[in-house]
Each structure stands twice: as structure tokens, then as C-alpha cells.
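Q: Quick one: the structure is below, and I'll ask about it shortly.
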Amino acid sequence: MSAIIVKNLSKSFEVSRKAKMQTKSNEENLGKEFFAVDDISFEVKKGEIFGFLGPNGAGKTTTIRLMTGVLNPTNGNITILGKDSRTDALQVKQLIGNVPEEASVYVDLSGWHNLLLIGELYGLSKEERKKKAEYLLKQFELFEKKNFKAKTYSKGMKQRLLLSMALMSNPEILFLDEPTSGLDVKSAKIIKEIILEYNKKGTTIFLTTHDMDIANELCHRIAIINKGKIISLDTPENFKVLVQEYQAIDLTVENGLLKNEIEKLNYIKEVQEVNGGYHIIVDDMHNSICEIVDYVIKNNLKIKKLITYQPKLEEAFLKIIERGGSK
Amino acid sequence: MNKSIDHKMSKFRSIGTQIRRSFIITKKDLRIYYNKPPVLIQGILFPFILFIALSIGRNIQSVYLISGMMAMILFLTSTSLGPIVFPWEAMRKTLERLITCPISIKTILLGSMWSSLIYGVVFSSIPLILGAIYSVIPLNINLLLVVGGMIVAGLAFSCFSLILSVPSSSTPGSTMILTILIKFPLVFMTPLFMPIVLTPIAYLSPLTYFIDIINVSFGDLSVFGMFGLMIDFGVLILFGVGFLFLSFFLHEKTLEKRFQG
């Protein structure tokens, strides 16, 4: 069963003076309608971690705001766990947790009271609230500071508190908008681990990010959005297949090795001379390494440095954005 | 048939849940906003300054002094918190988190309304208590009428304050300027610290009806005649309900603008 079904979803805004300045749009566009999300459709399976990738202003946050009921769609519909996000808005909100990108906690309340407030708003009993708040504060390593006002927390601690607030109601779906953006290593690590932990327990996760490592590490499937349209949707591994040409080896050999000798080897596509060594673009990583090592041994040479480069999601992403979509 | 009853029952349950959750918002608002500078300035400092400006050098009967002060404090205090909640939450970026909780925008507004009411009633009781301590208020005061008047008028003023927070600004300062521009003329067009004179402008001010209730509770006759109290309460309820539903409508229309790039 699908956790989220999005069909022909669009959201248009009027170009305001502020938006005009942000998007560097022309003066004549002022007051005109522009589509921040333009007729997108996709499904998220139950128990999946679904990533939404795109450059700034691509429509990621607008999509998440449409799904969490902050904005109303101009066209199309969203079904969350079988319920329409517009007509059953309150029931849908009861089932989801949300960490908005620019959101903050109540800095005038303590971490403890922030959690109790959210627990109360989700209808948890007093006992449940206290038990869950204590558990989450411990899990997010905030328990020692539970009675401190959130204004004394660091950015990473506030983000951890926000995520724990989203988890107070044991949501079936968790929406995370740039969950680790600008965080310290410790906070980012805790958040990543907890996302994976909750997903293992069955929570469906929908996250937006422009951090390729996060998308690569966490997501089962990724949709790439640009200018309000989904231009590609696939698994991280399949995306990487698109950029196999980015497989390369950096090689430095002590006794010297001629460029044309390397070029003669099998599976070698291109050889570039770099800082006394070679940057070799290869067709097949395993076989090309075997060829090189074999050649080196046969010719009694000595390898000083051998570094391999695997294709990265980032390169796939850039390539897809450049050409406006994958196959 | 059964399905229709079930549907109605679940709707009632849902309304009940939302009203209960509005009290959670109230608790949060009172906890967070009671000591914010705009609230303290408009809710405490302004009534004090206006009281001095409007009363010094005038020979005011003690009863009108108390009713005038109560009306002014109730109005200014119960309209001081409502207008800043939305801009403040938008400025501090807590609004988006709040509206993705299982509560409607109406629930958030109702919560703000209750907190404004509590804030207004607590502070407007101060002149009444001081009047009682210094034996300024008459012994035959109708306390039930005073409390009823304070609650109904407080609700009307609180609902009015919700409209003042409609502009989709995320800077409480600009909202405060707008509220001053609207609230102060209303205070000045009300006959404060004197017997009510029914000018056409005084009819438009909800404060007039509250002062009349307090004056009656102190033993005066209503300026609206025999059915005075019914008119007072009726008009205040009408004001309150009108402002509340107008605020629901306007906030639902403008909410999206707060999240537009």
C-alpha cells in the first residue's frame, strides 16, 4: 500500500516584490502567476525513505508544505494513508510528524515543555507525554538540558529537539525538510541514525535535501525536482549508473610509466597527466585495476599511489539537472 | 440513518477536541507572550499613560473613574496579546510547526482569544480591587453583572484583536503600529471618566456598552433605558461573534501569504 499518493499536484503563487527579488525575475512579471510546483505525480511506499532532491527554489519546500497542509494545492490531490489531505486535513495531521526547514522550537520554553506542548496538541495523555518526552530527550542526548530554555540550545540541539517534537506522536509518516542542513557533525550523525532507526520500525520518511551524501546514505528512492517539475525518479544506485564515466583512478608509479603505455591497456578510456601522476578514466573499475597491477608487476615497477573514484550521486544529479531529466 | 448520526457525532467530538486543544494554545500563549515588550507596552504602559492624560486636572466622580479605568484597561490589555501572536510566531518561525499539528487555524485563533481574555480580565480587575480597598466603589455593587460584563466585553475585545493580526507581517513592530492607529481612536471616541453621552461615534465603540454595564452595576441607570443591559450585552455579543467569524475568514485567506517566498 502507498503511504503517499500525489496526483497532478500544482501550486501557483503571484509574483510578489519579495519573490521577484529572490528569483531575480523581471519587473513585468510582478503580479503574474508562477508555478512553484507544476503538475507533479509520484507515490511513496509504506516503510520507504523517499528523498526529494533539487537545487534551491526547485519546489521542494512548497511540495512538503502542500503535503503537510500548510499550503493548499492549486490543482491536483494528495492522499496520505488513504485520506485526502484537504478534506481530512486534521486526521492526516494526526498521523504525520513534520520538521519544517526554517522552523524553530519555542525558545522561551524549555526543551521539556516544548515536547509536552506538542504531546498535548496531539492528544497524548499526561502519562504518555511524560514517558515519551523523557525517552526522546534521552535518545537525542538532550536530557541533561531538559529544563533549560531552548534559547540556550545550539542550532544542532534545536534541530534535534524539533525532530524529537515530530516524533512525540509516533507518526506513521515523517516529513523532514533539509533535516541536517548546516548542522554540526554530532547532531547530523544522531539525526541520521534516528531516521534509520525509525524507518526500521516502519515509519515512512519523506525528506528533502540537497545533500547528496544524505540522499545516498538514507534514501531508498529519490525524485529530482527542478523548476517545479519532477525530472527524474529512481534509486540512488540507478542514478549512479547514469554517470559511470565518472569512474576514475589516480595513479603514481615510482619508476615512471609512459602515458601511451597506460592507454594501451584494456578498460582505459582516457589518461590525463596530473602532478607527476595520471588521472585515468576507466570503463570498468575492477578489471582496469587488475590490468594496471598486472602491468606494474610484469614490468617490475612500484606503485606509489593508487586512488579510486566511484561515481557520485552528486554528479548524476548535476548531469540530470543539466539535461533536464533522465531517460 | 446510523451513518449520518455517526458522522454528526464524530463532527461534534472533533469540535470538542479542537476546543480542548484551543486551551492548550491559550496556556502556551500566556506562558510565552505575557512578558513580551509589545504586550507590556500596549497592555500596561499605555492604559497607565492614557489614564494620566485623560484624568489629570478633571473633576471626575470616583464611580466613573473606576468604570473608565476598567474599560480602558480591559480594552487595551485584551487587545494587546492577540495581534502579536501570529507575527511573533511567524518571526520566530514556530508558526509552520504549529499549524502542522492536528489543529485548525480556528483553534489557534480561539486559543489566542482565550489568552487575551484572561490577560484583560486579570488586569482590568486591578482598579476594581483598588476601588474596593479604598472604598471608592458603592457597597451595593452588582458583582455578578461586573464579572459578566468583563467576560462578555473581554471576549468582544479579544475577538477584535484577532482581526488586528490579519496582515501577513512577520514583524510584530509593524503590526503594533497598525493596532495603535486603530485602537487609540476607539478609546478617544468613547466617553471615558464621565457620564455616557450618546454621540453617533460613541455607538460605534464597543467600550461604550461595557462602561454602561459597569455604571449600572454601580447603581446608575443605563443610558439605553429600560432594556439597557440587554442592549449592552446583545451588542457586545454581536461585536464578538462578528469579529470572531471575520477573523476566521480573514486568517484562513491570508495564512498562505505568510509562507510565500
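Residues in the C-alpha cells are named by chain (A, B, ... in the order shown) and by number from 1 within that chain; ligands are numbered from 1 in the order shown.
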Contacts between segment 164-186 of chain B and segment 32-99 of chain B, please, where a residue of segment 32-99 of chain B counts if it comes within 12 Å (with only C-alpha atoms); show its shortest atom pair and distance in Å to one decimal, rows by chain and ascending number, as JSON lines.

A:
{"residue": "B:Tyr33", "atom": "CA", "partner": "B:Pro172", "partner_atom": "CA", "distance": 11.9}
{"residue": "B:Lys36", "atom": "CA", "partner": "B:Pro172", "partner_atom": "CA", "distance": 10.5}
{"residue": "B:Pro37", "atom": "CA", "partner": "B:Gly173", "partner_atom": "CA", "distance": 10.1}
{"residue": "B:Pro38", "atom": "CA", "partner": "B:Met176", "partner_atom": "CA", "distance": 7.1}
{"residue": "B:Val39", "atom": "CA", "partner": "B:Met176", "partner_atom": "CA", "distance": 9.3}
{"residue": "B:Leu40", "atom": "CA", "partner": "B:Met176", "partner_atom": "CA", "distance": 11.8}
{"residue": "B:Ile41", "atom": "CA", "partner": "B:Met176", "partner_atom": "CA", "distance": 9.9}
{"residue": "B:Gln42", "atom": "CA", "partner": "B:Ile180", "partner_atom": "CA", "distance": 8.3}
{"residue": "B:Gly43", "atom": "CA", "partner": "B:Ile180", "partner_atom": "CA", "distance": 11.4}
{"residue": "B:Phe46", "atom": "CA", "partner": "B:Phe184", "partner_atom": "CA", "distance": 9.7}
{"residue": "B:Pro47", "atom": "CA", "partner": "B:Phe184", "partner_atom": "CA", "distance": 10.5}
{"residue": "B:Leu50", "atom": "CA", "partner": "B:Phe184", "partner_atom": "CA", "distance": 9.6}
{"residue": "B:Ala71", "atom": "CA", "partner": "B:Leu186", "partner_atom": "CA", "distance": 11.6}
{"residue": "B:Met72", "atom": "CA", "partner": "B:Leu186", "partner_atom": "CA", "distance": 10.1}
{"residue": "B:Phe75", "atom": "CA", "partner": "B:Lys183", "partner_atom": "CA", "distance": 8.6}
{"residue": "B:Leu76", "atom": "CA", "partner": "B:Lys183", "partner_atom": "CA", "distance": 7.6}
{"residue": "B:Thr77", "atom": "CA", "partner": "B:Lys183", "partner_atom": "CA", "distance": 11.0}
{"residue": "B:Ser78", "atom": "CA", "partner": "B:Lys183", "partner_atom": "CA", "distance": 11.4}
{"residue": "B:Thr79", "atom": "CA", "partner": "B:Lys183", "partner_atom": "CA", "distance": 8.5}
{"residue": "B:Ser80", "atom": "CA", "partner": "B:Thr179", "partner_atom": "CA", "distance": 8.6}
{"residue": "B:Leu81", "atom": "CA", "partner": "B:Ser165", "partner_atom": "CA", "distance": 9.8}
{"residue": "B:Gly82", "atom": "CA", "partner": "B:Ser165", "partner_atom": "CA", "distance": 6.9}
{"residue": "B:Pro83", "atom": "CA", "partner": "B:Ser165", "partner_atom": "CA", "distance": 4.2}
{"residue": "B:Ile84", "atom": "CA", "partner": "B:Pro172", "partner_atom": "CA", "distance": 5.6}
{"residue": "B:Val85", "atom": "CA", "partner": "B:Ser165", "partner_atom": "CA", "distance": 7.7}
{"residue": "B:Phe86", "atom": "CA", "partner": "B:Ser165", "partner_atom": "CA", "distance": 6.4}
{"residue": "B:Pro87", "atom": "CA", "partner": "B:Ser170", "partner_atom": "CA", "distance": 4.3}
{"residue": "B:Trp88", "atom": "CA", "partner": "B:Pro172", "partner_atom": "CA", "distance": 5.8}
{"residue": "B:Glu89", "atom": "CA", "partner": "B:Ser170", "partner_atom": "CA", "distance": 7.9}
{"residue": "B:Ala90", "atom": "CA", "partner": "B:Ser170", "partner_atom": "CA", "distance": 5.2}
{"residue": "B:Met91", "atom": "CA", "partner": "B:Ser170", "partner_atom": "CA", "distance": 4.8}
{"residue": "B:Arg92", "atom": "CA", "partner": "B:Ser170", "partner_atom": "CA", "distance": 8.6}
{"residue": "B:Lys93", "atom": "CA", "partner": "B:Ser170", "partner_atom": "CA", "distance": 9.2}
{"residue": "B:Thr94", "atom": "CA", "partner": "B:Ser170", "partner_atom": "CA", "distance": 11.4}
{"residue": "B:Leu95", "atom": "CA", "partner": "B:Ser170", "partner_atom": "CA", "distance": 10.4}

Q: With C-alpha atoms kept, could you save the residues just selected as a PDB file, in the first residue's frame?

A:
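Writing done, so here's again_3.pdb:
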ATOM      1  CA  TYR B  33       3.780  36.222  25.367  1.00  0.00           C
ATOM      2  CA  LYS B  36       6.858  40.436  25.608  1.00  0.00           C
ATOM      3  CA  PRO B  37       7.646  44.151  25.208  1.00  0.00           C
ATOM      4  CA  PRO B  38       4.775  44.929  22.777  1.00  0.00           C
ATOM      5  CA  VAL B  39       2.298  43.299  25.170  1.00  0.00           C
ATOM      6  CA  LEU B  40       3.666  45.131  28.214  1.00  0.00           C
ATOM      7  CA  ILE B  41       3.727  48.467  26.370  1.00  0.00           C
ATOM      8  CA  GLN B  42       0.214  48.215  24.954  1.00  0.00           C
ATOM      9  CA  GLY B  43      -1.335  46.297  27.810  1.00  0.00           C
ATOM     10  CA  PHE B  46      -0.488  52.663  27.523  1.00  0.00           C
ATOM     11  CA  PRO B  47      -3.507  52.372  29.888  1.00  0.00           C
ATOM     12  CA  LEU B  50      -3.770  57.360  28.932  1.00  0.00           C
ATOM     13  CA  ALA B  71     -12.990  49.827  30.322  1.00  0.00           C
ATOM     14  CA  MET B  72      -9.722  51.322  29.142  1.00  0.00           C
ATOM     15  CA  PHE B  75      -9.845  47.126  26.055  1.00  0.00           C
ATOM     16  CA  LEU B  76      -6.128  47.896  25.757  1.00  0.00           C
ATOM     17  CA  THR B  77      -4.955  44.806  27.622  1.00  0.00           C
ATOM     18  CA  SER B  78      -7.215  42.274  25.968  1.00  0.00           C
ATOM     19  CA  THR B  79      -6.246  43.648  22.560  1.00  0.00           C
ATOM     20  CA  SER B  80      -2.507  43.684  23.306  1.00  0.00           C
ATOM     21  CA  LEU B  81      -1.732  39.978  23.088  1.00  0.00           C
ATOM     22  CA  GLY B  82      -3.872  38.818  20.140  1.00  0.00           C
ATOM     23  CA  PRO B  83      -2.263  40.955  17.424  1.00  0.00           C
ATOM     24  CA  ILE B  84       1.298  39.878  18.193  1.00  0.00           C
ATOM     25  CA  VAL B  85       0.861  36.102  18.359  1.00  0.00           C
ATOM     26  CA  PHE B  86       0.785  35.455  14.602  1.00  0.00           C
ATOM     27  CA  PRO B  87       3.550  37.921  13.607  1.00  0.00           C
ATOM     28  CA  TRP B  88       5.667  36.752  16.545  1.00  0.00           C
ATOM     29  CA  GLU B  89       5.231  33.080  15.663  1.00  0.00           C
ATOM     30  CA  ALA B  90       5.987  33.889  12.020  1.00  0.00           C
ATOM     31  CA  MET B  91       9.078  35.899  13.033  1.00  0.00           C
ATOM     32  CA  ARG B  92      10.377  33.158  15.353  1.00  0.00           C
ATOM     33  CA  LYS B  93       9.485  30.505  12.738  1.00  0.00           C
ATOM     34  CA  THR B  94       7.276  28.476  15.052  1.00  0.00           C
ATOM     35  CA  LEU B  95       4.048  29.024  13.100  1.00  0.00           C
TER      36      LEU B  95
END

Q: Using only C-alpha atoms, which residues sit within 7 Å of segment 222-226 of chain B once same-chain residues fewer than 3 positions away are excluded, as a ChimeraX atom specification?

A: /B:196,212,216

Q: Could you write those residues out with N, CA and C atoms, as a compact mmCIF listing (two decimals), in the first residue's frame?

A:
# COMPACT_ATOMS: atom_id res chain seq x y z
N ILE B 196 -22.08 58.74 30.31
CA ILE B 196 -22.08 58.47 28.85
C ILE B 196 -22.97 59.48 28.12
N ASP B 212 -21.34 51.21 30.19
CA ASP B 212 -22.74 51.26 30.63
C ASP B 212 -23.04 50.12 31.60
N VAL B 216 -24.14 50.64 35.47
CA VAL B 216 -25.39 50.06 36.00
C VAL B 216 -25.08 49.20 37.24

Q: Taking only C-alpha atoms into account, which residues of chain B are within 7 Å of chain A, as a PyMOL selection string?

A: chain B and resi 21+24+32+92-94+96-97+99-103+256+261

Q: DSSP says helix (DSSP H, G or I) for which residues of segment 76-288 of chain A? Put them as a ChimeraX atom specification?

A: /A:89-95,111-121,126-139,143-145,150-152,155-167,185-200,212-218,236-241,244-246,259-264,285-288

Q: Which neighbours of segment 250-254 of chain B fall inside 9 Å, counting only C-alpha atoms, when residues of the same chain fewer than 3 positions from it are skipped, and could you give them as a CSV table (one decimal) with N, CA and C atoms, in the first residue's frame?

A:
chain,number,residue,atom,x,y,z
B,105,ILE,N,-6.7,26.4,12.0
B,105,ILE,CA,-6.4,27.8,12.3
B,105,ILE,C,-7.4,28.4,13.2
B,106,LYS,N,-8.6,27.9,13.2
B,106,LYS,CA,-9.7,28.4,14.1
B,106,LYS,C,-9.3,28.1,15.6
B,109,LEU,N,-6.7,30.5,16.7
B,109,LEU,CA,-7.3,31.8,17.0
B,109,LEU,C,-8.1,31.8,18.3
B,162,LEU,N,-8.0,39.8,17.2
B,162,LEU,CA,-7.6,38.8,16.2
B,162,LEU,C,-7.6,39.4,14.8
B,163,ILE,N,-8.5,40.3,14.6
B,163,ILE,CA,-8.5,40.9,13.3
B,163,ILE,C,-7.3,41.8,13.0
B,165,SER,N,-4.4,41.1,13.8
B,165,SER,CA,-3.2,40.3,13.4
B,165,SER,C,-3.4,39.7,12.0
B,166,VAL,N,-4.4,40.1,11.3
B,166,VAL,CA,-4.6,39.5,9.9
B,166,VAL,C,-3.5,39.9,8.9
B,167,PRO,N,-3.0,41.2,8.9
B,167,PRO,CA,-1.9,41.5,7.9
B,167,PRO,C,-0.8,40.5,8.0
B,168,SER,N,-0.3,40.0,6.9
B,168,SER,CA,0.6,38.9,6.9
B,168,SER,C,2.1,39.3,7.2
B,245,PHE,N,-15.8,35.5,13.7
B,245,PHE,CA,-16.0,34.8,12.4
B,245,PHE,C,-15.3,35.6,11.3
B,246,LEU,N,-15.2,36.9,11.4
B,246,LEU,CA,-14.5,37.7,10.4
B,246,LEU,C,-13.0,37.3,10.5
B,247,SER,N,-12.5,37.2,11.7
B,247,SER,CA,-11.1,36.8,11.9
B,247,SER,C,-10.8,35.4,11.3
B,257,LYS,N,-0.1,33.5,2.7
B,257,LYS,CA,0.9,34.5,2.4
B,257,LYS,C,2.1,34.6,3.3
B,258,ARG,N,1.9,34.1,4.5
B,258,ARG,CA,3.0,34.0,5.5
B,258,ARG,C,4.0,33.0,5.1

Q: Within 9 Å of Leu238 of chain B, counting only C-alpha atoms, which residues qualify if same-chain residues fewer than 5 places away don't, as a PyMOL selection string?

A: chain B and resi 156+233+243

Q: Which value, in Å to one decimal, gives the distance between atom CA of Lys132 of chain A and atom CA of Arg13 of chain B?

A: 25.4 Å

Q: Enumerate as a ChimeraX atom specification all residues of segment 103-301 of chain A assigned to strand (DSSP E) by DSSP on the backbone, naming them with the chain letters and numbers the document uses.

A: /A:173-177,204-209,221-226,229-234,248-253,268-274,277-282
